[in-house]
Amino acid sequence: MKQIAQNYKTGELTLLDVPAPACRPGGVLVRTDYSLVSAGTEMMKIEESKLSLLGKARARPDQVKKVLATLAQQGPMATFRKVMDKLDSWTPLGYSLSGTIVEVGQGAEPFAVGQRVACAGNLYALHAEYNWVPRNLTVAIPDKVPSDQAAFATVAAIAMQGFRQSEAKLGEIALVIGLGLVGQLLLQQLRAAGVAVVGVDLSQERCDMAVRLGAVAAGVPGTAGMAAMEAAADAISRGHGCDHVFITSGGSSNAPVELAVKMARDRARIVDIGKSKLDLPWNEYYEKELEVRFSRSYGPGRYDPLYEEAGIDYPIGYVRWTEKRNMESVLDLLADGRMDFAPLISTVAPFSDSVSTYEKVNKGELSGLGILFKYSEAASAERRIVNRAHATTAATQGKVRPKVYLGVIGLGNYANSMLLPHLKANADVELVEVATASGLSAANAQKKFGFARHSTDYQGLLADPGIDAVLIATRHSAHAKMVCAALEAGKAVFVEKPLAVNDEQLATIVATVRRTGNERLMVGFNRRFAPLAVQLKAAWGQRRGPLSLRYQVNAGPLAANSWYLNAAEEGSRFVGEGCHFVDLVSWWLDAEPVSVMAAIAGEDPNNVAATLLFADGSRAEIAYLTEGDPAYPKEVLEVHGEGAVARLHNFQRTELWRGGKAAVKKSFGLDKGQKAEMDAFVAAVKSGGAMPIKLDSLFATTAATFAVDRAAVSRKAEVVTFD
């Protein structure tokens, strides 16, 4: 299928051939009929992409904070790779479309194949011929609403949420500052609610359109039209001023907030919808006791992964207007004839001309508020794209091949920056196919690493007899299912941690290994391969008795909307990351834990202190701390016993104290062992030799994380078992 994408590093726009997305549970696969270009949001993103690195940093201070946090935790080299990888990738455009359902995923059964729908979301409702969209971001289009107007539903929901934040009532008066697309949509909604509207914009053409759509008056600042607008507002309010002022404009000028206080009545409400400067004149706002409210995107549910991705709706008795119900309300108003988006449609361009359309908009050659792309009904839904012939032949299909022919399933930021670069550089590896949920992410991986194929069909990848080994780097909840499928297919498997997120998943993997006899399994426990850790353990030498280990992990807080916090689906944070630290202490002791004790330390249930007990009397304390300063170094391991102390400080420095003296080693940069880990896996697959980590160790480490979760609740010792 075709999809338009932008390279944020260079600003280049390209219409790409990418695999069509799979239809996943909880949503629908939609063939796009029309998609709306948001001239404000999308053109701002395009303009940002043309800035220098310093300019990009100034434009996105929120991203700079994330980079600084990564720098503190992962070091300069890893941070640089992650940032450059993010910049030099194709990113999608679009977030508002109408289309026709071609497939319905499990859990989205109220929808039906052939149904017309409007869709939302900057990760889902993209400028692409096919999109998979979650059910809470999909709404049915009423029969009376044409598909071209339905494509406005998402942007109109942004305006609708601003309207609801105002709590405007029949007979009141509103001023709309900024008569772009959102402003014109808001104008119609206010009029449908019986609110008189006046408007302001820098464009006389937009002011004239606002009057045609029902505004009492609209004017350009500094003109006679502005004076007429102010006089009209004064007349219809009987000199009291506007009940509500909506700021839908953008930019760095403070004029909108200064105009707002001038036009507002005493104790009026100001609603900010656009991305505008808000340097409020304190005295003026204080004297009128104005209330300033922000309107967040399409409405309640936005940025909540449980709502948008998992499809968990908010009860209507508690949240009357969610983002989905706002979209439905917009379409109902269209169906009833109380709104009409036809006057807003300025251009309908074939999607094949999308790149040139953006260029015309950017150059000022194409103006207007409503620019739509129209799509062909004959668009290809192919889920696999072949870039070059697969290098393997029937003669090389034995157990030992000259290379390891690798398939990759899923490819997030970590695998992109920390695993695949090492595999690409390994002469013993042939990258055959990458399969991801998003066709664009698959295309990015193909472009960067040179896979022979890219697809959205991981089952087809597993069915290819020419692929020896599989790397699984999806979200945690999918690991166990895919590991079992890959083992069943006879592949060697490398899966990023965790191996499983609950006891049932682990039991299924253990049973699959025993049933198939395929023991070619490795989990991404990279820290045991870190050079400084390996050197420190070797310097300690063969242990003679029980040891005491203490591992402090400054994990830090996560963003409130992080998928990592969805413990019900993805496992707890300790299951997801704590397995690293369980593995490292088990590796140091050459033993597996037999029982654990744990307690929650603090208010965050993920802030856990655990004690692992080993059969020989060794003990390892792991403090997984989420409430500290994320700028503090992340990991410190100490080993005590046999008259010695070993200390591993964040994989950058080691100390071995023995006989009153300290042997110190330092490392430039921060190497947590990913390259050595990948090399060990590839070597084992190529040679047919033993995998780098014993199966029982993989299983015991995973089971220990579940035991920690249980012990943190029960406050009792929990046995580690996986049989």
# chains A, B, ... in the order shown; residues from 1 in each chain; ligands from 1
call {"tool": "residues_around", "arguments": {"residues": "Lys665 of chain A", "least_positions_apart": "5", "cutoff": "7 Å", "atoms": "only C-alpha atoms", "output": "list in words"}}
result
Arg653, Thr654 and Glu655 of chain A
call {"tool": "atom_distance", "arguments": {"atom1": "atom CA of Lys374 of chain A", "atom2": "atom CA of Leu36 of chain A"}}
result
9.3 Å
call {"tool": "residues_around", "arguments": {"residues": "Leu331 of chain A", "least_positions_apart": "3", "cutoff": "12 Å", "atoms": "only C-alpha atoms", "output": "NGL selection string"}}
result
:A and (98 or 117-119 or 139-157 or 160 or 189 or 324-328 or 334-341)
call {"tool": "write_last_selection", "arguments": {"atoms": "C-alpha atoms", "output": "CSV table (one decimal), in the first residue's frame"}}
result
chain,number,residue,atom,x,y,z
A,98,SER,CA,-13.1,8.4,6.7
A,117,VAL,CA,-16.4,4.8,9.5
A,118,ALA,CA,-14.6,8.0,10.7
A,119,CYS,CA,-11.3,7.4,12.5
A,139,VAL,CA,-17.2,5.7,14.8
A,140,ALA,CA,-19.9,4.8,12.4
A,141,ILE,CA,-20.9,7.3,9.7
A,142,PRO,CA,-24.6,8.0,9.5
A,143,ASP,CA,-26.2,7.4,6.1
A,144,LYS,CA,-26.9,11.0,5.4
A,145,VAL,CA,-23.3,12.2,6.0
A,146,PRO,CA,-21.0,12.1,2.9
A,147,SER,CA,-17.6,10.5,3.4
A,148,ASP,CA,-15.7,13.6,2.4
A,149,GLN,CA,-17.3,15.6,5.3
A,150,ALA,CA,-17.0,12.7,7.7
A,151,ALA,CA,-13.2,12.9,7.3
A,152,PHE,CA,-13.3,16.2,9.3
A,153,ALA,CA,-14.8,14.3,12.4
A,154,THR,CA,-11.5,14.2,14.4
A,155,VAL,CA,-10.6,17.8,13.9
A,156,ALA,CA,-14.2,18.8,14.6
A,157,ALA,CA,-14.0,16.8,17.9
A,160,MET,CA,-16.2,20.2,20.2
A,189,GLN,CA,-21.0,24.2,16.8
A,324,LYS,CA,-15.4,8.9,20.7
A,325,ARG,CA,-18.7,10.4,21.8
A,326,ASN,CA,-17.5,13.8,20.7
A,327,MET,CA,-16.8,12.4,17.2
A,328,GLU,CA,-20.3,10.8,17.2
A,334,LEU,CA,-23.9,16.8,10.2
A,335,ALA,CA,-26.6,14.2,9.7
A,336,ASP,CA,-29.2,16.6,11.1
A,337,GLY,CA,-28.1,19.4,8.9
A,338,ARG,CA,-27.1,21.6,11.9
A,339,MET,CA,-23.5,21.7,10.6
A,340,ASP,CA,-22.1,21.7,7.1
A,341,PHE,CA,-18.5,21.1,6.2
call {"tool": "atom_distance", "arguments": {"atom1": "atom CA of Ile101 of chain A", "atom2": "atom CA of Gly27 of chain A"}}
result
10.2 Å
call {"tool": "residues_around", "arguments": {"residues": "segment 638-650 of chain A", "least_positions_apart": "4", "cutoff": "10 Å", "atoms": "only C-alpha atoms", "output": "VMD selection string"}}
result
chain A and resid 73 to 75 532 to 533 536 to 537 539 to 540 543 to 553 585 588 618 620 to 621 633 to 634 654 to 666 670 to 672
call {"tool": "select_by_dssp", "arguments": {"residues": "segment 83-182 of chain A", "states": "alpha helix (DSSP H)", "output": "number ranges by chain"}}
result
A: 83-87, 147-150, 153-166, 181-182
call {"tool": "residues_around", "arguments": {"residues": "Val261 of chain A", "least_positions_apart": "3", "cutoff": "12 Å", "atoms": "only C-alpha atoms", "output": "PyMOL selection string"}}
result
chain A and resi 175+177+241-247+254-258+264-271+278-292
call {"tool": "residues_around", "arguments": {"residues": "Val575 of chain A", "least_positions_apart": "3", "cutoff": "8 Å", "atoms": "only C-alpha atoms", "output": "PyMOL selection string"}}
result
chain A and resi 498+501+571-572+578-579+702+705-706+709
call {"tool": "residues_around", "arguments": {"residues": "Ala425 of chain A", "least_positions_apart": "4", "cutoff": "10 Å", "atoms": "only C-alpha atoms", "output": "PyMOL selection string"}}
result
chain A and resi 420-421+429+449+675
call {"tool": "write_last_selection", "arguments": {"atoms": "C-alpha atoms", "output": "compact mmCIF listing (two decimals), in the first residue's frame"}}
result
# COMPACT_ATOMS: atom_id res chain seq x y z
CA LEU A 420 20.05 -4.53 15.30
CA PRO A 421 23.17 -2.39 14.71
CA VAL A 429 24.18 -12.79 9.90
CA PHE A 449 19.30 -2.41 8.22
CA LYS A 675 27.07 -6.63 21.35
call {"tool": "select_by_dssp", "arguments": {"residues": "segment 96-279 of chain A", "states": "strand (DSSP E or B)", "output": "ChimeraX atom specification"}}
result
/A:96-104,116-120,128,130-134,138-140,173-177,196-200,217-219,242-247,251,264-272,276
call {"tool": "closest_residue", "arguments": {"among": "A:Thr223, A:Thr474, A:Ser356, A:Ser380", "to": "Gly412 of chain A", "atoms": "only C-alpha atoms"}}
result
A:Thr474
call {"tool": "closest_residue", "arguments": {"among": "A:Ala108, A:Leu584, A:Ala228, A:Ile158", "to": "Ser38 of chain A", "atoms": "only C-alpha atoms"}}
result
A:Ile158
call {"tool": "closest_residue", "arguments": {"among": "A:Lys447, A:His390, A:Lys277, A:Lys403", "to": "Asn426 of chain A", "atoms": "only C-alpha atoms"}}
result
A:Lys403
call {"tool": "closest_residue", "arguments": {"among": "A:Gly219, A:Pro300, A:Gly121, A:Gly214", "to": "Gly178 of chain A", "atoms": "only C-alpha atoms"}}
result
A:Gly219
call {"tool": "closest_residue", "arguments": {"among": "A:Val432, A:Ala680, A:Ala567, A:Ala707", "to": "Ala598 of chain A", "atoms": "only C-alpha atoms"}}
result
A:Ala707
call {"tool": "closest_atom_pairs", "arguments": {"of": "segment 591-709 of chain A", "to": "segment 487-496 of chain A", "cutoff": "12 Å", "atoms": "only C-alpha atoms", "output": "tab-separated table"}}
result
residue	atom	partner	partner_atom	distance
A:Gln674	CA	A:Glu496	CA	11.1
A:Glu677	CA	A:Phe494	CA	10.3
A:Met678	CA	A:Phe494	CA	9.1
A:Asp679	CA	A:Phe494	CA	11.9
A:Ala680	CA	A:Phe494	CA	11.0
A:Phe681	CA	A:Phe494	CA	7.6
A:Val682	CA	A:Phe494	CA	9.7
A:Ala683	CA	A:Ala492	CA	11.8
A:Ala684	CA	A:Ala492	CA	9.5
A:Val685	CA	A:Ala492	CA	6.9
A:Lys686	CA	A:Ala492	CA	10.1
A:Ser687	CA	A:Ala492	CA	12.0
A:Gly688	CA	A:Ala492	CA	9.8
A:Gly689	CA	A:Ala492	CA	11.5
A:Ala690	CA	A:Ala492	CA	11.2
A:Met691	CA	A:Ala492	CA	9.3
A:Pro692	CA	A:Phe494	CA	10.8
A:Ile693	CA	A:Phe494	CA	11.1
A:Leu698	CA	A:Val495	CA	11.1
call {"tool": "closest_residue", "arguments": {"among": "A:Tyr8, A:Trp90, A:Tyr130, A:Tyr124", "to": "Val30 of chain A", "atoms": "only C-alpha atoms"}}
result
A:Tyr130
call {"tool": "atom_distance", "arguments": {"atom1": "atom CA of Gln184 of chain A", "atom2": "atom CA of Ala196 of chain A"}}
result
13.7 Å
